file query-v8.cif (mmCIF, C-alpha atoms)
data_run
#
loop_
_atom_site.label_atom_id
_atom_site.label_comp_id
_atom_site.auth_asym_id
_atom_site.auth_seq_id
_atom_site.Cartn_x
_atom_site.Cartn_y
_atom_site.Cartn_z
CA MET E 25 -4.05 -25.49 11.91
CA ALA E 26 -1.28 -26.58 9.59
CA ASP E 27 1.99 -25.09 10.72
CA ILE E 28 3.60 -24.43 7.39
CA LEU E 29 6.31 -21.87 7.91
CA PHE E 30 7.54 -20.37 4.67
CA THR E 31 10.51 -19.05 6.58
CA GLN E 32 11.68 -22.59 7.27
CA GLY E 33 13.04 -25.02 4.75
CA PRO E 34 16.25 -25.83 2.97
CA ASP E 35 18.14 -22.62 2.35
CA GLU E 36 19.39 -23.87 -0.99
CA LEU E 37 15.80 -24.00 -2.28
CA LYS E 38 15.10 -20.38 -1.42
CA ARG E 39 15.04 -18.06 -4.37
CA ALA E 40 14.68 -14.33 -3.94
CA PRO E 41 11.88 -12.83 -6.05
CA LEU E 42 14.42 -10.43 -7.58
CA ALA E 43 17.36 -12.85 -7.81
CA HIS E 44 17.48 -12.38 -11.58
CA LEU E 45 17.77 -8.60 -11.18
CA HIS E 46 20.36 -8.42 -8.40
CA ARG E 47 23.15 -7.68 -10.84
CA ARG E 48 21.31 -4.73 -12.38
CA LEU E 49 20.33 -3.37 -8.98
CA GLU E 50 23.96 -3.62 -7.94
CA GLU E 51 25.06 -1.76 -11.06
CA VAL E 52 22.86 1.18 -10.07
CA SER E 53 24.34 1.27 -6.58
CA GLN E 54 27.86 1.27 -7.98
CA SER E 55 27.12 3.94 -10.57
CA ALA E 56 26.42 6.80 -8.11
CA PRO E 57 26.18 5.42 -4.57
CA SER E 58 25.59 8.72 -2.82
CA THR E 59 22.80 9.66 -5.23
CA ILE E 60 20.97 6.38 -5.65
CA ARG E 61 21.31 2.86 -4.31
CA LEU E 62 19.09 -0.12 -5.07
CA GLY E 63 19.07 -3.59 -3.61
CA GLU E 64 16.86 -6.38 -2.37
CA ARG E 65 16.49 -7.58 1.20
CA PRO E 66 14.76 -10.93 0.67
CA PHE E 67 13.53 -13.66 3.02
CA THR E 68 12.58 -11.39 5.90
CA THR E 69 10.19 -12.81 8.45
CA GLN E 70 6.83 -11.10 7.95
CA ILE E 71 3.81 -11.80 10.10
CA GLY E 72 0.33 -10.46 9.60
CA LEU E 73 -1.48 -9.60 12.82
CA ARG E 74 -5.17 -8.84 13.29
CA ALA E 75 -6.31 -7.62 16.68
CA VAL E 76 -8.65 -4.82 17.72
CA PRO E 77 -6.85 -2.20 19.84
CA GLY E 78 -7.88 -2.31 23.48
CA THR E 79 -8.65 -6.03 23.48
CA ALA E 80 -6.84 -8.82 25.31
CA ALA E 81 -5.60 -10.16 21.97
CA HIS E 82 -3.97 -6.84 21.16
CA ARG E 83 -2.23 -6.71 24.54
CA ALA E 84 -1.13 -10.35 24.30
CA LEU E 85 0.45 -9.86 20.87
CA ALA E 86 2.27 -6.69 21.91
CA GLY E 87 3.49 -8.46 25.05
CA ALA E 88 4.79 -11.52 23.21
CA LEU E 89 6.46 -9.33 20.62
CA GLY E 90 8.04 -6.99 23.15
CA VAL E 91 7.05 -4.12 20.85
CA GLU E 92 3.98 -1.93 21.11
CA LEU E 93 1.66 -2.20 18.11
CA PRO E 94 1.34 1.06 16.15
CA ALA E 95 -1.78 3.09 16.86
CA ARG E 96 -2.26 5.23 13.77
CA VAL E 97 -1.61 5.41 10.06
CA GLY E 98 2.05 5.73 9.10
CA GLU E 99 3.34 4.76 12.51
CA VAL E 100 6.10 2.15 12.79
CA THR E 101 7.09 0.76 16.17
CA GLY E 102 10.16 -1.24 17.06
CA ASP E 103 13.44 -1.18 15.20
CA ALA E 104 13.78 -1.35 11.41
CA ALA E 105 17.03 -3.29 11.84
CA ASP E 106 15.40 -5.88 14.10
CA VAL E 107 11.70 -6.35 14.81
CA ALA E 108 9.44 -3.60 13.47
CA VAL E 109 5.66 -3.40 13.34
CA LEU E 110 3.90 -1.48 10.56
CA TRP E 111 0.36 -0.14 10.67
CA LEU E 112 -1.79 -1.58 7.86
CA GLY E 113 -5.23 -0.76 9.19
CA PRO E 114 -7.06 0.05 12.43
CA ASP E 115 -6.81 -3.58 13.54
CA GLU E 116 -4.21 -4.92 11.11
CA PHE E 117 -0.45 -4.87 11.48
CA LEU E 118 2.61 -6.31 9.78
CA VAL E 119 5.64 -7.52 11.71
CA VAL E 120 8.89 -7.31 9.73
CA ALA E 121 11.87 -9.08 11.26
CA PRO E 122 15.16 -10.59 10.10
CA PRO E 123 14.98 -14.04 8.45
CA GLU E 124 16.33 -15.82 11.53
CA ARG E 125 13.40 -14.62 13.67
CA ALA E 126 10.91 -17.14 12.25
CA GLU E 127 10.33 -18.40 15.78
CA LEU E 128 8.14 -15.32 16.29
CA VAL E 129 5.31 -17.00 14.37
CA PRO E 130 4.61 -19.85 16.81
CA ARG E 131 5.36 -17.56 19.73
CA LEU E 132 2.72 -15.08 18.62
CA GLN E 133 0.25 -17.83 17.78
CA ASP E 134 0.65 -19.18 21.30
CA ALA E 135 0.23 -15.70 22.76
CA LEU E 136 -2.99 -15.12 20.81
CA GLY E 137 -4.42 -18.47 21.91
CA SER E 138 -8.15 -18.59 21.31
CA GLU E 139 -8.71 -14.84 21.51
CA PRO E 140 -10.35 -13.28 18.45
CA GLY E 141 -7.55 -12.24 16.12
CA GLN E 142 -5.10 -13.60 13.62
CA VAL E 143 -1.41 -14.44 13.36
CA VAL E 144 -0.36 -15.46 9.84
CA ASP E 145 3.09 -16.13 8.44
CA LEU E 146 3.27 -13.80 5.41
CA SER E 147 7.01 -14.08 4.85
CA ALA E 148 6.61 -15.22 1.26
CA ASN E 149 4.08 -12.50 0.49
CA ARG E 150 6.28 -9.47 0.01
CA THR E 151 9.92 -8.88 -0.71
CA ILE E 152 11.78 -5.71 0.25
CA VAL E 153 13.38 -3.46 -2.33
CA GLU E 154 15.75 -1.07 -0.64
CA LEU E 155 16.21 2.36 -2.13
CA GLY E 156 18.72 4.84 -0.80
CA GLY E 157 20.64 7.96 -1.66
CA SER E 158 19.93 11.65 -2.02
CA ALA E 159 17.73 11.16 -5.09
CA ALA E 160 15.62 8.38 -3.59
CA ARG E 161 12.68 10.62 -2.73
CA ASP E 162 12.68 12.20 -6.19
CA VAL E 163 12.50 8.73 -7.71
CA LEU E 164 9.58 7.67 -5.53
CA ASP E 165 7.76 10.94 -6.13
CA LYS E 166 7.57 10.01 -9.81
CA GLY E 167 5.16 7.18 -9.08
CA SER E 168 3.71 7.56 -5.62
CA PRO E 169 0.60 9.64 -4.87
CA ALA E 170 1.60 9.88 -1.19
CA ASP E 171 3.10 13.09 0.12
CA LEU E 172 6.70 12.08 0.90
CA HIS E 173 7.87 15.42 2.24
CA PRO E 174 9.63 14.94 5.60
CA ARG E 175 7.05 17.28 7.12
CA VAL E 176 4.40 14.55 6.78
CA PHE E 177 6.57 11.53 6.00
CA PRO E 178 9.57 11.56 8.38
CA ALA E 179 11.91 8.62 8.89
CA GLY E 180 10.07 5.84 10.68
CA THR E 181 6.89 6.20 8.63
CA ALA E 182 5.27 3.52 6.49
CA VAL E 183 2.06 3.60 4.45
CA THR E 184 0.27 1.33 2.06
CA THR E 185 0.00 3.10 -1.25
CA THR E 186 0.81 2.61 -4.91
CA LEU E 187 4.01 2.95 -6.90
CA GLY E 188 3.00 3.42 -10.46
CA PRO E 189 0.00 1.10 -10.71
CA ALA E 190 1.35 -1.49 -8.27
CA ALA E 191 0.20 -1.61 -4.65
CA VAL E 192 3.19 -1.44 -2.31
CA LEU E 193 4.09 -0.71 1.27
CA LEU E 194 6.35 2.33 1.36
CA TRP E 195 8.55 2.61 4.42
CA ARG E 196 11.05 5.35 5.17
CA THR E 197 13.66 3.93 7.55
CA ALA E 198 16.01 6.95 7.54
CA GLU E 199 16.24 10.35 5.91
CA ASP E 200 17.72 8.86 2.73
CA ALA E 201 16.71 5.22 3.08
CA TRP E 202 13.46 3.71 1.90
CA ARG E 203 12.01 0.24 1.72
CA VAL E 204 9.47 -0.62 -0.94
CA LEU E 205 7.51 -3.78 -0.19
CA PRO E 206 5.71 -5.11 -3.27
CA ARG E 207 3.97 -8.45 -3.28
CA ALA E 208 6.30 -11.10 -4.64
CA SER E 209 4.36 -11.34 -7.89
CA PHE E 210 4.73 -7.57 -8.38
CA ALA E 211 8.39 -7.52 -7.32
CA GLU E 212 9.82 -7.80 -10.80
CA TYR E 213 7.54 -5.08 -12.11
CA THR E 214 8.39 -2.80 -9.20
CA ALA E 215 12.13 -3.39 -9.59
CA LEU E 216 11.99 -2.73 -13.34
CA TRP E 217 9.92 0.38 -12.70
CA LEU E 218 12.56 1.61 -10.24
CA LEU E 219 15.43 0.71 -12.57
CA ASP E 220 13.75 2.83 -15.21
CA ALA E 221 12.97 5.68 -12.81
CA VAL E 222 16.57 5.94 -11.53
CA ARG E 223 18.12 6.15 -14.98
CA GLU E 224 18.37 9.94 -14.99
CA HIS E 225 20.24 9.80 -11.70
CA ARG E 226 22.74 7.10 -12.61
CA LEU E 227 23.63 8.09 -16.15
CA PRO E 228 25.47 11.13 -17.41
CA ALA E 229 23.24 13.40 -19.49
CA SER E 230 23.42 12.10 -23.01
CA ASP E 231 20.59 13.68 -24.98
CA GLY E 232 20.02 17.29 -25.92
CA ALA E 233 23.64 18.37 -26.39
CA SER E 234 22.76 22.05 -25.91
CA ASP E 235 21.56 21.69 -22.31
CA ALA E 236 23.65 18.68 -21.38
CA ALA E 237 26.23 18.88 -18.63
CA PRO E 238 29.61 20.16 -19.90
CA ASP E 239 31.48 16.91 -19.31
CA ALA E 240 28.85 14.89 -21.14
CA ALA E 241 28.73 17.34 -24.03
CA ALA E 242 32.50 17.12 -24.34
CA ASP E 243 32.33 13.41 -25.00
CA PRO E 244 28.91 12.45 -26.32
CA ALA E 245 30.10 9.07 -27.54
CA SER E 246 31.03 7.79 -24.09
CA ALA E 247 27.94 9.35 -22.58
CA SER E 248 25.61 7.40 -24.81
CA THR E 249 27.29 4.07 -24.24
CA PRO E 250 25.59 3.11 -20.96
CA ASP E 251 22.28 4.04 -22.52
CA SER E 252 22.60 1.56 -25.34
CA ARG E 253 23.92 -1.12 -23.00
CA GLU E 254 20.83 -0.64 -20.86
CA GLU E 255 18.57 -1.11 -23.86
CA ALA E 256 20.45 -4.22 -24.89
CA ALA E 257 19.97 -5.75 -21.46
CA TRP E 258 16.23 -5.15 -21.49
CA PRO E 259 14.95 -8.00 -23.73
CA ALA E 260 17.22 -10.49 -21.99
CA THR E 261 15.54 -9.70 -18.68
CA MET E 262 12.04 -9.92 -19.98
CA ALA E 263 12.65 -13.31 -21.60
CA MET J 29 -8.60 14.27 -9.15
CA MET J 30 -10.31 14.09 -5.78
CA LEU J 31 -8.51 14.08 -2.46
CA ILE J 32 -10.62 11.74 -0.33
CA PRO J 33 -10.23 11.89 3.45
CA CYS J 34 -10.13 8.25 4.53
CA PRO J 35 -11.33 8.09 8.16
CA HIS J 36 -8.35 5.87 9.00
CA CYS J 37 -5.55 7.17 6.75
CA GLY J 38 -6.33 10.83 6.21
CA PRO J 39 -6.49 12.57 2.84
CA ARG J 40 -5.36 10.31 -0.01
CA ASN J 41 -5.45 10.42 -3.75
CA GLU J 42 -8.65 9.25 -5.44
CA THR J 43 -6.67 6.58 -7.31
CA GLU J 44 -6.22 4.63 -4.07
CA PHE J 45 -9.97 4.19 -3.65
CA ALA J 46 -12.77 2.23 -5.23
CA TYR J 47 -16.39 3.34 -5.34
CA GLY J 48 -19.17 1.35 -3.73
CA GLY J 49 -22.30 3.19 -4.78
CA GLN J 50 -25.06 4.59 -2.61
CA ALA J 51 -24.69 4.04 1.12
CA HIS J 52 -27.34 2.89 3.58
CA VAL J 53 -29.25 0.69 1.13
CA SER J 54 -30.78 -1.86 3.45
CA TYR J 55 -31.44 -5.44 2.44
CA PRO J 56 -35.16 -6.32 2.29
CA GLU J 57 -36.33 -7.91 5.51
CA ASP J 58 -38.11 -10.68 3.63
CA PRO J 59 -36.69 -10.96 0.09
CA HIS J 60 -39.06 -13.82 -0.78
CA ALA J 61 -42.03 -11.53 -0.28
CA LEU J 62 -40.89 -9.23 -3.09
CA ASP J 63 -42.12 -9.58 -6.63
CA ASP J 64 -39.66 -9.22 -9.49
CA ALA J 65 -40.27 -5.51 -9.92
CA ALA J 66 -39.68 -4.78 -6.24
CA TRP J 67 -36.58 -6.97 -6.22
CA ALA J 68 -35.22 -5.21 -9.29
CA ARG J 69 -35.95 -1.90 -7.64
CA HIS J 70 -33.91 -2.98 -4.61
CA LEU J 71 -31.04 -4.25 -6.73
CA PHE J 72 -30.73 -1.58 -9.36
CA TYR J 73 -32.58 1.60 -8.43
CA ARG J 74 -30.42 4.20 -6.77
CA GLU J 75 -30.78 7.85 -6.06
CA ASN J 76 -29.01 10.19 -8.40
CA PRO J 77 -29.15 13.49 -6.58
CA LYS J 78 -27.74 16.78 -7.71
CA GLY J 79 -25.99 17.81 -4.52
CA LEU J 80 -25.14 15.88 -1.38
CA PHE J 81 -25.06 12.12 -1.76
CA ALA J 82 -24.19 9.49 0.85
CA GLU J 83 -22.01 6.84 -0.73
CA ARG J 84 -19.62 4.03 0.10
CA TRP J 85 -15.91 3.98 -0.68
CA VAL J 86 -13.19 1.47 0.01
CA HIS J 87 -9.57 2.47 0.48
CA SER J 88 -8.39 -0.49 -1.55
CA ALA J 89 -4.76 0.57 -1.97
CA GLY J 90 -4.45 1.70 1.64
CA CYS J 91 -6.07 0.35 4.79
CA ARG J 92 -8.58 -1.70 2.74
CA ARG J 93 -11.47 -0.50 4.89
CA TRP J 94 -14.93 0.49 3.70
CA PHE J 95 -16.35 3.77 4.88
CA ASN J 96 -19.26 6.08 4.18
CA ALA J 97 -18.82 9.52 2.71
CA VAL J 98 -21.18 12.37 1.96
CA ARG J 99 -20.08 13.91 -1.31
CA ASN J 100 -21.41 16.85 -3.24
CA THR J 101 -22.05 15.58 -6.75
CA ILE J 102 -21.81 19.09 -8.18
CA THR J 103 -18.54 20.24 -6.64
CA TYR J 104 -17.05 16.80 -5.88
CA GLU J 105 -16.32 18.08 -2.40
CA VAL J 106 -16.34 15.32 0.21
CA GLN J 107 -18.27 16.90 3.04
CA SER J 108 -17.90 14.22 5.71
CA VAL J 109 -16.70 10.66 6.16
CA GLU J 110 -17.47 8.07 8.79
CA PRO J 111 -16.23 4.52 9.36
CA ILE J 112 -18.64 1.72 8.66
CA GLY J 113 -20.40 1.04 11.92
CA PRO J 114 -23.49 2.14 13.76
CA ARG J 115 -26.07 3.48 11.41
CA PRO J 116 -26.92 7.15 11.64
CA PRO J 117 -30.12 8.11 13.48
CA GLY J 118 -33.17 7.50 11.36
CA GLY J 119 -31.37 4.95 9.19
CA ARG J 120 -30.00 7.45 6.72
CA PRO J 121 -27.89 10.56 6.95
CA ALA J 122 -29.87 13.76 7.25
CA GLU J 123 -27.78 15.32 4.50
CA SER J 124 -29.05 13.10 1.72
CA THR J 125 -32.66 14.07 2.37
CA THR J 126 -31.78 17.66 1.57
CA SER J 127 -30.72 16.76 -1.93
CA GLU J 128 -32.67 18.13 -4.83
CA GLY J 129 -33.71 15.93 -7.69
CA GLY J 130 -36.11 13.05 -7.72
CA HIS J 131 -35.79 10.13 -5.39
CA ALA J 132 -36.14 6.84 -7.17
#
call {"tool": "encode", "arguments": {"input": "query-v8.cif", "output": "structure tokens"}}
result
Amino acid sequence: MADILFTQGPDELKRAPLAHLHRRLEEVSQSAPSTIRLGERPFTTQIGLRAVPGTAAHRALAGALGVELPARVGEVTGDAADVAVLWLGPDEFLVVAPPERAELVPRLQDALGSEPGQVVDLSANRTIVELGGSAARDVLDKGSPADLHPRVFPAGTAVTTTLGPAAVLLWRTAEDAWRVLPRASFAEYTALWLLDAVREHRLPASDGASDAAPDAAADPASASTPDSREEAAWPATMA
Amino acid sequence: MMLIPCPHCGPRNETEFAYGGQAHVSYPEDPHALDDAAWARHLFYRENPKGLFAERWVHSAGCRRWFNAVRNTITYEVQSVEPIGPRPPGGRPAESTTSEGGHA
């Protein structure tokens, strides 16, 4: 087996899937940080595991990882800040770890040995868009069919679902902190979708003067300025 | 919009699934023994019952697993689901034999 580790290589050649949008994500976070924050956490170590629960392979992988593998849908084991394991299917799991933990790949491959199962470096597959703030759930509810109420989706839950039309992993790491994991090729779309969805939370109300907030109504000219700047930035991004 | 209870993920929106047609259609034991009409019948002829129908679904935007479901084609109610695995006794679910309408 060729040991090509996407997590290894010259750092200067690495390019985050959303590098071209970092400035706009940052602008959102600065606009109303307690309401909505956006950012990218690129280059994480991600490892796809296949092992049937109850088998030697499953025990070996959990042992080498030092983290139990999740047993049911939505469950996340481990620590979101360090090594976490997400449930993707009855015998399919995703390890998400910081970029410097790439050594987990050969360690898990050794642990699996010749048992039936799979350990694949998927680090280049998905990037992580981080979404935070009090309005984060409202934003996700606009495009996700999953029930995100804390009653069924508490912190420490992750499911594979869709955001708009794009398939993503949706992971709630804290009450007001979410991670959206689109595939790298869908990252730009997902980020642009989120940038659009958060607009009502980052901008002062600028349309419909009668029901606009008093401060915005008092100065409609300044209220509409960010709106037009946003539109102006749009074609430049798509080019 | 249907809420389909995936056997692995629980109830999820219909948009996360893809349809796989009638369940429990077995491959001919000796395909070379079939004439064109019989082969076409195997490939293309499916039951179209008014009532309970055993069918396959895949949770393509979720756990990506195939499963069997028994769905009422009148009310769209999904009566039961089961993971792909051992075939039900008799080779087909008892429910589908209760369906009205002509069998192909």
call {"tool": "atom_distance", "arguments": {"input": "query-v8.cif", "atom1": "atom CA of Tyr47 of chain J", "atom2": "atom CA of Phe177 of chain E"}}
result
26.9 Å
call {"tool": "interface_residues", "arguments": {"input": "query-v8.cif", "of": "chain J", "to": "chain E", "cutoff": "6 Å", "atoms": "all atoms listed in the file", "output": "ChimeraX atom specification"}}
result
/J:37,89-91
call {"tool": "resolve_selection", "arguments": {"input": "query-v8.cif", "expression": "the PyMOL selection byres ((chain E and resi 120-134) around 7)", "output": "list of chain:residue names"}}
result
E:Thr31, E:Phe67, E:Thr68, E:Thr69, E:Gln70, E:Ile71, E:Leu85, E:Ala88, E:Asp106, E:Val107, E:Ala108, E:Val109, E:Leu118, E:Val119, E:Ala135, E:Leu136, E:Gly137, E:Val143, E:Asp145
call {"tool": "atom_distance", "arguments": {"input": "query-v8.cif", "atom1": "atom CA of Pro66 of chain E", "atom2": "atom CA of Gly167 of chain E"}}
result
22.7 Å
call {"tool": "resolve_selection", "arguments": {"input": "query-v8.cif", "expression": "the PyMOL selection byres ((chain E and resi 55-63) around 10)", "output": "ChimeraX atom specification"}}
result
/E:42,45-54,64-66,152-161,163,200-203,215,218-219,222-223,225-227
call {"tool": "atom_distance", "arguments": {"input": "query-v8.cif", "atom1": "atom CA of Thr197 of chain E", "atom2": "atom CA of Val100 of chain E"}}
result
9.4 Å
call {"tool": "resolve_selection", "arguments": {"input": "query-v8.cif", "expression": "the PyMOL selection byres ((chain J and resi 40) around 9)", "output": "ChimeraX atom specification"}}
result
/E:169-171 /J:30-34,37-39,41-45,87,90
call {"tool": "closest_residue", "arguments": {"input": "query-v8.cif", "among": "E:Gly72, E:Pro77, E:Leu146, E:Tyr213", "to": "Glu92 of chain E", "atoms": "all atoms listed in the file"}}
result
E:Pro77
call {"tool": "residues_around", "arguments": {"input": "query-v8.cif", "residues": "Ala46 of chain J", "least_positions_apart": "5", "cutoff": "7 Å", "atoms": "only C-alpha atoms", "output": "PyMOL selection string"}}
result
chain J and resi 85-88
call {"tool": "closest_residue", "arguments": {"input": "query-v8.cif", "among": "E:Ala104, E:Ala75, E:Gln142, E:Asp220", "to": "Ala198 of chain E", "atoms": "only C-alpha atoms"}}
result
E:Ala104
call {"tool": "closest_residue", "arguments": {"input": "query-v8.cif", "among": "J:Ala66, J:Trp94, J:Tyr55, J:Tyr73", "to": "Gly113 of chain J", "atoms": "all atoms listed in the file"}}
result
J:Trp94
call {"tool": "closest_residue", "arguments": {"input": "query-v8.cif", "among": "J:Ser54, J:Tyr104, J:Met29, J:Arg99", "to": "Leu71 of chain J", "atoms": "all atoms listed in the file"}}
result
J:Ser54
call {"tool": "residues_around", "arguments": {"input": "query-v8.cif", "residues": "Pro140 of chain E", "least_positions_apart": "5", "cutoff": "10 Å", "atoms": "all atoms listed in the file", "output": "compact mmCIF listing (two decimals) with C-alpha atoms, in the frame of the given file"}}
result
# COMPACT_ATOMS: atom_id res chain seq x y z
CA ARG E 74 -5.17 -8.84 13.29
CA ALA E 75 -6.31 -7.62 16.68
CA VAL E 76 -8.65 -4.82 17.72
CA THR E 79 -8.65 -6.03 23.48
CA ALA E 80 -6.84 -8.82 25.31
CA ALA E 81 -5.60 -10.16 21.97
CA HIS E 82 -3.97 -6.84 21.16
call {"tool": "residues_around", "arguments": {"input": "query-v8.cif", "residues": "Glu110 of chain J", "least_positions_apart": "3", "cutoff": "9 Å", "atoms": "only C-alpha atoms", "output": "list in words"}}
result
Cys34, Pro35, Phe95, Asn96, Ala97, Val98 and Gly113 of chain J
